[in-house]
Amino acid sequence: MKYKNNIIFAIAKSLLNTLITLGQMIIKIWNHKKGRIGLILVVMISLIAIFAPFLAPYDPYDVLQRGARGVGPSTEYFLGTTSYGQDIFSMLIYGARVSMSICIITAILISFTGAIIGIAAGYLGKLPDAIIMRVVDVMLVIPTLPITIVLTNLFGKSYAMLIFIFTLFGWAGLSRVVRSQVLTIKNTNYVKSAELFGGGKWYVMTKHILPGVSNQLIMNTAMTAAGVMIAEAGLSFLGLGNTEFISWGKMLAEAQSSGAFLLGYWWWIIAPGIGIFASVSAFMLIGFSLEEIFNPRMKSSNSQYKVLKTLSGTYIKELFEQMEAADNVGGIENE
Amino acid sequence: MADDIKKAIEEEILIEVENLSVDFPISRGLAWWKKDIVSAVSNVSLKIARGSCVALVGESGCGKTTLANTLIGLITPTGGKVRYKDQDLYEVSNADYKKIRNNMQLIFQDPYSSLNPRFTIKDIISEPFRIRKNISELEIANHVERLLKLVGLSVRDKDRHIFNFSGGQRQRIAIARAIALNPEFLICDEPVSALDVSIHAQILNLLLDLQKELNLTYLFISHNLAVVRNISTHVAVMYLGEIVEYGEVDEIFNNPIHPYTKALLSAVKDDDPIILEGDIPSPINPPDGCRFCSRCYLKVDECDKDHPELLEIETDHFAACNLIKKRTA
Ligand SMILES: Nc1ncnc2c1ncn2[C@@H]1O[C@H](COP(=O)(O)OP(=O)(O)OP(=O)(O)O)[C@@H](O)[C@H]1O
Ligand SMILES: [Mg+2]
């Protein structure tokens, strides 16, 4: 009985701890300038996606009931209509559902599979590691598009298929990063100490290694979400996306295939574009802010610019040094 | 009579190391099929009596950490035996091995990498108890308090993370964790070498106090002979993976036999020090003869070929040197 209580207590405690760390992380992101913008955007888009039926003025799938086709933005149709007579504003709102849910689900799935496989490779070492890393190598160089075409042809184009494809091609890179982190942690003396006390593989994995790689994972999840958003748009644009629901990528694809560019229906193109742009930048902002939170050394107004700056800085310095050296050589010759 | 019994108990051998060797195969460059052998520990034999403190002294890279890690079971040796109270560590059943292992602990060289930076003090010190399971939170809390007091830290600090602590405090935390399960044998791998000199004495005194209080037996690794003199009962001098001299601490300090020990001591005593030429050679594919011969100031021709054995020169005083062997023969 006592033991049972202990288990419940332990589970409750770990749940609470996870919640607390999540909460702390959200507060940290909120306190970060870039992160706050990203957080607000993600929450807003997610709310729009959740409450789509209440927000959308029309049924986005409703093609036949209205006579308005290819109408520009007006008070009746905020963002105009498609050439089939669908209300674009409603489509945009409903599209958030598919686009956002695919992003978030896939990002989480990729993080989980990448983490588990990376940890397994790093911690088990030897043969399992060798096998997994060869598979990763193959996954990283495999041409994704032809295989996507084959898979969608074989199993149909659907929402679930998209998630499967993205996860299939997404985990390898992450698992490689995670593996190298695991190798670092595995060789620390605190892990050796835990092993000296009889801590088994499972103990070390859950208590030392997982918490050690969690930062990287959370950051990676945000970045992956942004990547998936773009990939989804790309695949839909190529006609490989899901056939069931409206998504932003599919809106773009339809606009293109119905000749929105030729007909001058710019609103049909701009609307999903804004949706994609806003959500991609939101996830990226969160990712960047997490990067700066976890690596305080990178803290600066803009880490990406800084990398560029230092790169070009050293390059220019080298250039000057070379010029100086050339000058010196010239000087000696002159004397 | 009582004295005899006491002496017998004191001389109970706790750890016995027999011809222990550790080789690391390493591949050089692209030729992966050609393996070089790093002979990190070679043919080491050592007896550690209960209640004693054996100091293991030697230059950086001579294999002290490797020997310690092998004794404690982190590294599998290439050859040799380790006995704990007459039980062979590599032959006992798993259950027995676990029991033995609970009686041995290690304090790592560097208190900055031996404590998980994500853990609080309480997490770190309670880790041994949690791994053992079936112990209640209340008991763990009691143990943590007891241990913190024992190593001279404030109980109020138990929820703080270790990045708030200085090196000396970290080493105290590491010590608290090491003694958590009441081990009999504690290996201290240069416990102060990563710390500020001003803190050395505190930590060493703590270790001495704990030894008395908890009846500990130490293997104390150090490259500083001055430290060793105050804390140990026996000294083993190590050079390039081998023990070249072993004896009681006063014997070693007053009557060193091996040229290497003499050189080390003269550097401490500082009257006309013997200066060894060159650096410690690489342990990759070491020479057949005496391993010290490349730096020895008393070298004779046969040192290049003859490998000296560790011999008992005087009672309880061992040395491995061709010159001494000749003298006694
Ligand atoms: N895993 C390993 N693989 C290959 N060589 C190793 C390995 N571990 C140790 N060595 C080598 O074995 C030798 C002994 O190393 P060890 O760490 O035991 O020395 P040490 O006496 O503890 O030195 P220090 O005083 O610097 O801590 C060194 O030459 C080292 O390079
Ligand atoms: Mg060492």
# chains A, B, ... in the order shown; residues from 1 in each chain; ligands from 1

$ residues_around --residues "A:Gly241" --least-positions-apart "6" --cutoff "9 Å" --atoms "only C-alpha atoms" --output "list in words"
Thr152, Lys157, Ser158, Tyr159, Met161, Leu162, Glu232, Ala233, Gly234, Leu235, Ser247, Gly249 and Lys250 of chain A

$ residues_near_ligand --ligand "ligand 2" --cutoff "9 Å" --atoms "only C-alpha atoms and all ligand atoms" --output "ChimeraX atom specification"
/B:60-66,68,108-109,189-190,221-222

$ write_last_selection --atoms "N, CA, C and O atoms" --output "PDB file, in the first residue's frame"
ATOM      1  N   SER B  60      51.618  13.261 -13.784  1.00  0.00           N
ATOM      2  CA  SER B  60      50.417  13.247 -14.607  1.00  0.00           C
ATOM      3  C   SER B  60      50.588  12.252 -15.761  1.00  0.00           C
ATOM      4  O   SER B  60      51.631  12.223 -16.399  1.00  0.00           O
ATOM      5  N   GLY B  61      49.570  11.445 -15.976  1.00  0.00           N
ATOM      6  CA  GLY B  61      49.618  10.511 -17.107  1.00  0.00           C
ATOM      7  C   GLY B  61      50.274   9.184 -16.784  1.00  0.00           C
ATOM      8  O   GLY B  61      50.487   8.374 -17.671  1.00  0.00           O
ATOM      9  N   CYS B  62      50.600   8.934 -15.512  1.00  0.00           N
ATOM     10  CA  CYS B  62      51.288   7.683 -15.208  1.00  0.00           C
ATOM     11  C   CYS B  62      50.301   6.548 -14.953  1.00  0.00           C
ATOM     12  O   CYS B  62      50.701   5.417 -14.719  1.00  0.00           O
ATOM     13  N   GLY B  63      49.001   6.830 -15.001  1.00  0.00           N
ATOM     14  CA  GLY B  63      48.022   5.754 -14.901  1.00  0.00           C
ATOM     15  C   GLY B  63      47.300   5.665 -13.574  1.00  0.00           C
ATOM     16  O   GLY B  63      46.654   4.656 -13.287  1.00  0.00           O
ATOM     17  N   LYS B  64      47.355   6.702 -12.780  1.00  0.00           N
ATOM     18  CA  LYS B  64      46.710   6.659 -11.466  1.00  0.00           C
ATOM     19  C   LYS B  64      45.198   6.540 -11.592  1.00  0.00           C
ATOM     20  O   LYS B  64      44.560   5.687 -10.963  1.00  0.00           O
ATOM     21  N   THR B  65      44.620   7.415 -12.428  1.00  0.00           N
ATOM     22  CA  THR B  65      43.164   7.384 -12.593  1.00  0.00           C
ATOM     23  C   THR B  65      42.724   6.060 -13.199  1.00  0.00           C
ATOM     24  O   THR B  65      41.711   5.484 -12.794  1.00  0.00           O
ATOM     25  N   THR B  66      43.499   5.573 -14.147  1.00  0.00           N
ATOM     26  CA  THR B  66      43.146   4.298 -14.769  1.00  0.00           C
ATOM     27  C   THR B  66      43.134   3.182 -13.729  1.00  0.00           C
ATOM     28  O   THR B  66      42.210   2.366 -13.694  1.00  0.00           O
ATOM     29  N   ALA B  68      42.668   3.503 -10.496  1.00  0.00           N
ATOM     30  CA  ALA B  68      41.521   3.717  -9.618  1.00  0.00           C
ATOM     31  C   ALA B  68      40.234   3.243 -10.273  1.00  0.00           C
ATOM     32  O   ALA B  68      39.430   2.523  -9.668  1.00  0.00           O
ATOM     33  N   PHE B 108      35.862  11.689  -7.481  1.00  0.00           N
ATOM     34  CA  PHE B 108      36.511  11.992  -8.750  1.00  0.00           C
ATOM     35  C   PHE B 108      37.465  13.168  -8.623  1.00  0.00           C
ATOM     36  O   PHE B 108      37.366  13.993  -7.729  1.00  0.00           O
ATOM     37  N   GLN B 109      38.354  13.205  -9.603  1.00  0.00           N
ATOM     38  CA  GLN B 109      39.384  14.221  -9.635  1.00  0.00           C
ATOM     39  C   GLN B 109      38.804  15.630  -9.693  1.00  0.00           C
ATOM     40  O   GLN B 109      39.284  16.530  -9.027  1.00  0.00           O
ATOM     41  N   ASP B 189      40.542  10.289  -5.904  1.00  0.00           N
ATOM     42  CA  ASP B 189      41.387  10.549  -7.057  1.00  0.00           C
ATOM     43  C   ASP B 189      41.747  12.031  -7.099  1.00  0.00           C
ATOM     44  O   ASP B 189      40.992  12.843  -7.603  1.00  0.00           O
ATOM     45  N   GLU B 190      42.892  12.362  -6.601  1.00  0.00           N
ATOM     46  CA  GLU B 190      43.358  13.752  -6.528  1.00  0.00           C
ATOM     47  C   GLU B 190      42.225  14.679  -6.101  1.00  0.00           C
ATOM     48  O   GLU B 190      41.822  15.560  -6.854  1.00  0.00           O
ATOM     49  N   ILE B 221      44.979   9.214  -4.119  1.00  0.00           N
ATOM     50  CA  ILE B 221      45.811   9.488  -5.287  1.00  0.00           C
ATOM     51  C   ILE B 221      46.237  10.946  -5.281  1.00  0.00           C
ATOM     52  O   ILE B 221      45.426  11.827  -4.999  1.00  0.00           O
ATOM     53  N   SER B 222      47.498  11.167  -5.564  1.00  0.00           N
ATOM     54  CA  SER B 222      47.979  12.540  -5.525  1.00  0.00           C
ATOM     55  C   SER B 222      49.258  12.643  -6.324  1.00  0.00           C
ATOM     56  O   SER B 222      49.962  11.661  -6.528  1.00  0.00           O
TER      57      SER B 222
END

$ interface_residues --of "chain B" --to "chain A" --cutoff "12 Å" --atoms "only C-alpha atoms" --output "VMD selection string"
chain B and resid 69 to 75 94 to 95 97 to 119 123 to 138 174 to 175 177 to 183

$ residues_around --residues "stretch 87-98 of chain A" --least-positions-apart "6" --cutoff "8 Å" --atoms "only C-alpha atoms" --output "list in words"
Ile45, Ser46, Ile48, Ala49, Ile50, Ala52, Pro53, Leu55, Ala56, Pro57, Tyr58, Asp59, Pro60, Tyr61, Tyr77, Phe78, Leu79, Gly80, Thr81, Phe245, Ile246, Ser247, Trp248, Met251, Trp268, Ala271, Pro272 and Gly275 of chain A

$ write_last_selection --atoms "N, CA and C atoms" --output "short mmCIF file (atom, residue, chain, number, x, y, z; two decimals), in the first residue's frame"
data_model
loop_
_atom_site.label_atom_id
_atom_site.label_comp_id
_atom_site.auth_asym_id
_atom_site.auth_seq_id
_atom_site.Cartn_x
_atom_site.Cartn_y
_atom_site.Cartn_z
N ILE A 45 -2.68 32.26 -33.65
CA ILE A 45 -3.02 31.39 -34.78
C ILE A 45 -3.68 30.10 -34.27
N SER A 46 -3.15 29.59 -33.14
CA SER A 46 -3.75 28.37 -32.60
C SER A 46 -5.18 28.63 -32.16
N ILE A 48 -7.21 30.85 -33.35
CA ILE A 48 -8.00 30.97 -34.58
C ILE A 48 -8.34 29.58 -35.11
N ALA A 49 -7.32 28.69 -35.10
CA ALA A 49 -7.55 27.33 -35.61
C ALA A 49 -8.59 26.61 -34.77
N ILE A 50 -8.48 26.74 -33.44
CA ILE A 50 -9.40 26.02 -32.57
C ILE A 50 -10.83 26.52 -32.74
N ALA A 52 -12.19 28.09 -35.23
CA ALA A 52 -12.49 28.40 -36.62
C ALA A 52 -13.99 28.43 -36.93
N PRO A 53 -14.77 27.43 -36.47
CA PRO A 53 -16.19 27.44 -36.82
C PRO A 53 -16.92 28.69 -36.33
N LEU A 55 -15.42 31.71 -35.91
CA LEU A 55 -14.82 32.92 -36.46
C LEU A 55 -15.13 33.08 -37.95
N ALA A 56 -15.20 31.94 -38.65
CA ALA A 56 -15.35 32.04 -40.10
C ALA A 56 -16.77 32.49 -40.46
N PRO A 57 -16.87 33.52 -41.28
CA PRO A 57 -18.21 34.01 -41.65
C PRO A 57 -18.95 33.06 -42.58
N TYR A 58 -18.24 32.29 -43.40
CA TYR A 58 -18.89 31.38 -44.33
C TYR A 58 -18.31 29.99 -44.19
N ASP A 59 -18.99 29.05 -44.82
CA ASP A 59 -18.43 27.71 -44.90
C ASP A 59 -17.37 27.71 -46.00
N PRO A 60 -16.11 27.43 -45.65
CA PRO A 60 -15.05 27.55 -46.66
C PRO A 60 -15.17 26.52 -47.77
N TYR A 61 -15.90 25.42 -47.52
CA TYR A 61 -16.01 24.39 -48.55
C TYR A 61 -17.19 24.66 -49.48
N TYR A 77 -16.97 40.08 -48.38
CA TYR A 77 -15.91 39.06 -48.33
C TYR A 77 -14.60 39.78 -48.06
N PHE A 78 -14.14 39.68 -46.80
CA PHE A 78 -12.97 40.47 -46.37
C PHE A 78 -11.79 40.30 -47.31
N LEU A 79 -11.56 39.04 -47.68
CA LEU A 79 -10.37 38.76 -48.49
C LEU A 79 -10.78 38.26 -49.88
N GLY A 80 -11.97 38.60 -50.27
CA GLY A 80 -12.41 38.19 -51.60
C GLY A 80 -12.81 36.73 -51.65
N THR A 81 -13.05 36.25 -52.88
CA THR A 81 -13.43 34.85 -53.05
C THR A 81 -12.55 34.21 -54.12
N PHE A 245 -8.69 18.23 -46.60
CA PHE A 245 -9.00 19.49 -45.94
C PHE A 245 -8.29 20.67 -46.61
N ILE A 246 -8.82 21.86 -46.28
CA ILE A 246 -8.16 23.07 -46.77
C ILE A 246 -6.93 23.34 -45.91
N SER A 247 -5.81 23.57 -46.57
CA SER A 247 -4.65 24.05 -45.84
C SER A 247 -4.09 25.23 -46.62
N TRP A 248 -3.19 25.96 -46.00
CA TRP A 248 -2.67 27.15 -46.69
C TRP A 248 -1.89 26.76 -47.94
N MET A 251 -4.33 26.01 -50.59
CA MET A 251 -4.93 27.23 -51.15
C MET A 251 -4.02 27.81 -52.23
N TRP A 268 -6.10 35.97 -53.52
CA TRP A 268 -6.11 34.51 -53.37
C TRP A 268 -4.70 33.98 -53.05
N ALA A 271 -3.30 35.92 -49.27
CA ALA A 271 -3.88 35.49 -48.00
C ALA A 271 -3.16 34.26 -47.42
N PRO A 272 -3.08 33.13 -48.17
CA PRO A 272 -2.36 32.00 -47.58
C PRO A 272 -0.88 32.30 -47.37
N GLY A 275 -0.53 33.80 -44.08
CA GLY A 275 -0.70 32.77 -43.06
C GLY A 275 0.58 31.98 -42.86
#

$ residues_around --residues "B:Leu206" --least-positions-apart "2" --cutoff "10 Å" --atoms "only C-alpha atoms" --output "JSON, numbers by chain"
{"B": [150, 151, 152, 172, 175, 200, 201, 202, 203, 204, 208, 209, 210, 211]}

$ atom_distance --atom1 "atom CA of A:Arg36" --atom2 "atom CA of A:Ser175"
28.6 Å

$ closest_residue --among "B:Glu184, B:Glu242, B:Asp288, B:Asp304" --to "B:Leu67" --atoms "only C-alpha atoms"
B:Glu242

$ closest_residue --among "B:Gly278, B:Ile284, B:Asn19, B:Ile252" --to "ligand 1" --atoms "only C-alpha atoms and all ligand atoms"
B:Ile284

$ closest_residue --among "B:Ile13, B:Leu89, B:Ile121, B:Ser282" --to "ligand 1" --atoms "only C-alpha atoms and all ligand atoms"
B:Ser282

$ select_by_dssp --residues "stretch 51-154 of chain B" --states "helix (DSSP H, G or I)" --output "tab-separated table (two decimals) with N, CA, C and O atoms, in the first residue's frame"
chain	number	residue	atom	x	y	z
B	64	LYS	N	47.35	6.70	-12.78
B	64	LYS	CA	46.71	6.66	-11.47
B	64	LYS	C	45.20	6.54	-11.59
B	64	LYS	O	44.56	5.69	-10.96
B	65	THR	N	44.62	7.42	-12.43
B	65	THR	CA	43.16	7.38	-12.59
B	65	THR	C	42.72	6.06	-13.20
B	65	THR	O	41.71	5.48	-12.79
B	66	THR	N	43.50	5.57	-14.15
B	66	THR	CA	43.15	4.30	-14.77
B	66	THR	C	43.13	3.18	-13.73
B	66	THR	O	42.21	2.37	-13.69
B	67	LEU	N	44.15	3.16	-12.86
B	67	LEU	CA	44.19	2.14	-11.82
B	67	LEU	C	42.97	2.27	-10.89
B	67	LEU	O	42.31	1.27	-10.58
B	68	ALA	N	42.67	3.50	-10.50
B	68	ALA	CA	41.52	3.72	-9.62
B	68	ALA	C	40.23	3.24	-10.27
B	68	ALA	O	39.43	2.52	-9.67
B	69	ASN	N	40.04	3.63	-11.52
B	69	ASN	CA	38.81	3.26	-12.22
B	69	ASN	C	38.70	1.75	-12.41
B	69	ASN	O	37.61	1.20	-12.45
B	70	THR	N	39.85	1.10	-12.53
B	70	THR	CA	39.82	-0.36	-12.69
B	70	THR	C	39.45	-1.03	-11.37
B	70	THR	O	38.64	-1.96	-11.34
B	71	LEU	N	40.03	-0.54	-10.28
B	71	LEU	CA	39.70	-1.12	-8.97
B	71	LEU	C	38.21	-1.02	-8.70
B	71	LEU	O	37.59	-1.93	-8.17
B	72	ILE	N	37.63	0.10	-9.07
B	72	ILE	CA	36.24	0.34	-8.71
B	72	ILE	C	35.29	-0.31	-9.72
B	72	ILE	O	34.09	-0.40	-9.49
B	94	ASN	N	26.96	-12.18	-9.52
B	94	ASN	CA	26.49	-10.81	-9.68
B	94	ASN	C	25.99	-10.20	-8.38
B	94	ASN	O	26.25	-9.04	-8.09
B	95	ALA	N	25.25	-10.99	-7.62
B	95	ALA	CA	24.68	-10.47	-6.37
B	95	ALA	C	25.78	-10.10	-5.39
B	95	ALA	O	25.76	-9.01	-4.79
B	96	ASP	N	26.77	-10.98	-5.27
B	96	ASP	CA	27.90	-10.68	-4.40
B	96	ASP	C	28.66	-9.45	-4.88
B	96	ASP	O	29.07	-8.60	-4.09
B	97	TYR	N	28.80	-9.38	-6.19
B	97	TYR	CA	29.54	-8.26	-6.76
B	97	TYR	C	28.86	-6.94	-6.39
B	97	TYR	O	29.52	-5.97	-6.02
B	98	LYS	N	27.53	-6.94	-6.47
B	98	LYS	CA	26.80	-5.72	-6.12
B	98	LYS	C	27.07	-5.33	-4.68
B	98	LYS	O	27.28	-4.16	-4.37
B	99	LYS	N	27.04	-6.34	-3.80
B	99	LYS	CA	27.29	-6.07	-2.38
B	99	LYS	C	28.68	-5.46	-2.20
B	99	LYS	O	28.86	-4.50	-1.47
B	100	ILE	N	29.65	-6.07	-2.87
B	100	ILE	CA	31.02	-5.57	-2.74
B	100	ILE	C	31.11	-4.14	-3.25
B	100	ILE	O	31.70	-3.27	-2.63
B	101	ARG	N	30.47	-3.94	-4.39
B	101	ARG	CA	30.55	-2.61	-5.00
B	101	ARG	C	29.95	-1.53	-4.11
B	101	ARG	O	30.40	-0.38	-4.12
B	102	ASN	N	28.93	-1.91	-3.34
B	102	ASN	CA	28.35	-0.92	-2.43
B	102	ASN	C	29.35	-0.50	-1.37
B	102	ASN	O	29.20	0.54	-0.74
B	121	ILE	N	21.48	20.09	-4.67
B	121	ILE	CA	22.34	19.37	-3.74
B	121	ILE	C	21.63	18.13	-3.23
B	121	ILE	O	22.20	17.04	-3.14
B	122	LYS	N	20.36	18.30	-2.93
B	122	LYS	CA	19.61	17.17	-2.38
B	122	LYS	C	19.51	16.04	-3.40
B	122	LYS	O	19.70	14.87	-3.06
B	123	ASP	N	19.26	16.41	-4.65
B	123	ASP	CA	19.20	15.39	-5.71
B	123	ASP	C	20.50	14.60	-5.77
B	123	ASP	O	20.50	13.38	-5.91
B	124	ILE	N	21.61	15.34	-5.70
B	124	ILE	CA	22.91	14.69	-5.85
B	124	ILE	C	23.17	13.72	-4.70
B	124	ILE	O	23.53	12.57	-4.91
B	125	ILE	N	22.96	14.22	-3.48
B	125	ILE	CA	23.32	13.38	-2.33
B	125	ILE	C	22.33	12.23	-2.16
B	125	ILE	O	22.69	11.16	-1.68
B	126	SER	N	21.10	12.43	-2.60
B	126	SER	CA	20.13	11.35	-2.42
B	126	SER	C	20.17	10.34	-3.55
B	126	SER	O	19.50	9.32	-3.50
B	127	GLU	N	20.98	10.61	-4.57
B	127	GLU	CA	21.02	9.70	-5.72
B	127	GLU	C	21.34	8.25	-5.33
B	127	GLU	O	20.63	7.33	-5.76
B	128	PRO	N	22.35	8.02	-4.48
B	128	PRO	CA	22.64	6.63	-4.10
B	128	PRO	C	21.44	5.93	-3.47
B	128	PRO	O	21.18	4.76	-3.76
B	129	PHE	N	20.68	6.65	-2.66
B	129	PHE	CA	19.51	6.05	-2.01
B	129	PHE	C	18.41	5.77	-3.01
B	129	PHE	O	17.75	4.75	-2.98
B	130	ARG	N	18.21	6.72	-3.92
B	130	ARG	CA	17.15	6.53	-4.92
B	130	ARG	C	17.45	5.36	-5.83
B	130	ARG	O	16.55	4.62	-6.22
B	131	ILE	N	18.71	5.20	-6.18
B	131	ILE	CA	19.06	4.07	-7.06
B	131	ILE	C	18.78	2.76	-6.34
B	131	ILE	O	18.33	1.79	-6.94
B	132	ARG	N	19.00	2.75	-5.03
B	132	ARG	CA	18.76	1.52	-4.28
B	132	ARG	C	17.28	1.23	-4.06
B	132	ARG	O	16.91	0.14	-3.68
B	137	GLU	N	10.74	8.86	1.27
B	137	GLU	CA	11.22	10.24	1.10
B	137	GLU	C	11.74	10.80	2.41
B	137	GLU	O	12.72	11.54	2.45
B	138	LEU	N	11.03	10.45	3.48
B	138	LEU	CA	11.42	10.99	4.78
B	138	LEU	C	12.81	10.52	5.17
B	138	LEU	O	13.67	11.30	5.60
B	139	GLU	N	13.03	9.21	4.97
B	139	GLU	CA	14.35	8.67	5.30
B	139	GLU	C	15.43	9.34	4.46
B	139	GLU	O	16.50	9.67	4.97
B	140	ILE	N	15.11	9.52	3.18
B	140	ILE	CA	16.10	10.17	2.30
B	140	ILE	C	16.42	11.55	2.83
B	140	ILE	O	17.59	11.93	2.94
B	141	ALA	N	15.39	12.29	3.19
B	141	ALA	CA	15.61	13.64	3.70
B	141	ALA	C	16.50	13.62	4.94
B	141	ALA	O	17.41	14.44	5.08
B	142	ASN	N	16.25	12.64	5.82
B	142	ASN	CA	17.08	12.52	7.02
B	142	ASN	C	18.53	12.25	6.67
B	142	ASN	O	19.45	12.86	7.23
B	143	HIS	N	18.70	11.30	5.73
B	143	HIS	CA	20.07	10.96	5.33
B	143	HIS	C	20.78	12.18	4.77
B	143	HIS	O	21.95	12.44	5.07
B	144	VAL	N	20.07	12.91	3.91
B	144	VAL	CA	20.70	14.08	3.27
B	144	VAL	C	21.14	15.07	4.33
B	144	VAL	O	22.26	15.60	4.29
B	145	GLU	N	20.28	15.29	5.32
B	145	GLU	CA	20.65	16.23	6.39
B	145	GLU	C	21.88	15.75	7.14
B	145	GLU	O	22.81	16.51	7.39
B	146	ARG	N	21.86	14.46	7.48
B	146	ARG	CA	22.97	13.89	8.22
B	146	ARG	C	24.27	14.06	7.44
B	146	ARG	O	25.29	14.52	7.98
B	147	LEU	N	24.21	13.74	6.13
B	147	LEU	CA	25.43	13.79	5.33
B	147	LEU	C	25.93	15.21	5.15
B	147	LEU	O	27.13	15.48	5.21
B	148	LEU	N	24.98	16.13	4.95
B	148	LEU	CA	25.40	17.52	4.78
B	148	LEU	C	26.12	18.02	6.03
B	148	LEU	O	27.15	18.69	5.95
B	149	LYS	N	25.57	17.66	7.20
B	149	LYS	CA	26.23	18.07	8.44
B	149	LYS	C	27.61	17.44	8.53
B	149	LYS	O	28.58	18.09	8.94
B	150	LEU	N	27.67	16.16	8.14
B	150	LEU	CA	28.94	15.43	8.26
B	150	LEU	C	30.06	16.09	7.45
B	150	LEU	O	31.21	16.12	7.88

$ closest_residue --among "B:Phe185, B:Ala267, B:Ser193, B:Phe253" --to "B:Leu214" --atoms "only C-alpha atoms"
B:Phe185

$ residues_around --residues "B:Val44" --least-positions-apart "5" --cutoff "8 Å" --atoms "only C-alpha atoms" --output "list of chain:residue names"
B:Val17, B:Glu18, B:Asn19, B:Leu20, B:Ser21, B:Gly241, B:Glu242, B:Ile243

$ write_last_selection --atoms "N, CA, C and O atoms" --output "PDB file, in the first residue's frame"
ATOM      1  N   VAL B  17      45.408  -6.369  -4.836  1.00  0.00           N
ATOM      2  CA  VAL B  17      45.534  -6.265  -6.282  1.00  0.00           C
ATOM      3  C   VAL B  17      46.687  -7.157  -6.703  1.00  0.00           C
ATOM      4  O   VAL B  17      47.743  -7.132  -6.083  1.00  0.00           O
ATOM      5  N   GLU B  18      46.456  -7.968  -7.722  1.00  0.00           N
ATOM      6  CA  GLU B  18      47.489  -8.910  -8.125  1.00  0.00           C
ATOM      7  C   GLU B  18      47.753  -8.799  -9.616  1.00  0.00           C
ATOM      8  O   GLU B  18      46.868  -9.076 -10.431  1.00  0.00           O
ATOM      9  N   ASN B  19      48.930  -8.372  -9.971  1.00  0.00           N
ATOM     10  CA  ASN B  19      49.374  -8.318 -11.372  1.00  0.00           C
ATOM     11  C   ASN B  19      48.356  -7.662 -12.296  1.00  0.00           C
ATOM     12  O   ASN B  19      48.080  -8.150 -13.382  1.00  0.00           O
ATOM     13  N   LEU B  20      47.814  -6.575 -11.863  1.00  0.00           N
ATOM     14  CA  LEU B  20      46.765  -5.924 -12.649  1.00  0.00           C
ATOM     15  C   LEU B  20      47.377  -5.154 -13.821  1.00  0.00           C
ATOM     16  O   LEU B  20      48.319  -4.393 -13.647  1.00  0.00           O
ATOM     17  N   SER B  21      46.829  -5.380 -14.997  1.00  0.00           N
ATOM     18  CA  SER B  21      47.292  -4.643 -16.174  1.00  0.00           C
ATOM     19  C   SER B  21      46.097  -4.085 -16.925  1.00  0.00           C
ATOM     20  O   SER B  21      45.063  -4.745 -17.026  1.00  0.00           O
ATOM     21  N   GLY B 241      52.788   3.589 -15.425  1.00  0.00           N
ATOM     22  CA  GLY B 241      51.943   2.405 -15.333  1.00  0.00           C
ATOM     23  C   GLY B 241      52.422   1.357 -14.358  1.00  0.00           C
ATOM     24  O   GLY B 241      51.741   0.358 -14.142  1.00  0.00           O
ATOM     25  N   GLU B 242      53.600   1.553 -13.777  1.00  0.00           N
ATOM     26  CA  GLU B 242      54.109   0.547 -12.856  1.00  0.00           C
ATOM     27  C   GLU B 242      54.328   1.145 -11.472  1.00  0.00           C
ATOM     28  O   GLU B 242      54.611   2.338 -11.344  1.00  0.00           O
ATOM     29  N   ILE B 243      54.227   0.276 -10.462  1.00  0.00           N
ATOM     30  CA  ILE B 243      54.595   0.723  -9.128  1.00  0.00           C
ATOM     31  C   ILE B 243      56.091   0.466  -8.966  1.00  0.00           C
ATOM     32  O   ILE B 243      56.557  -0.663  -9.144  1.00  0.00           O
TER      33      ILE B 243
END
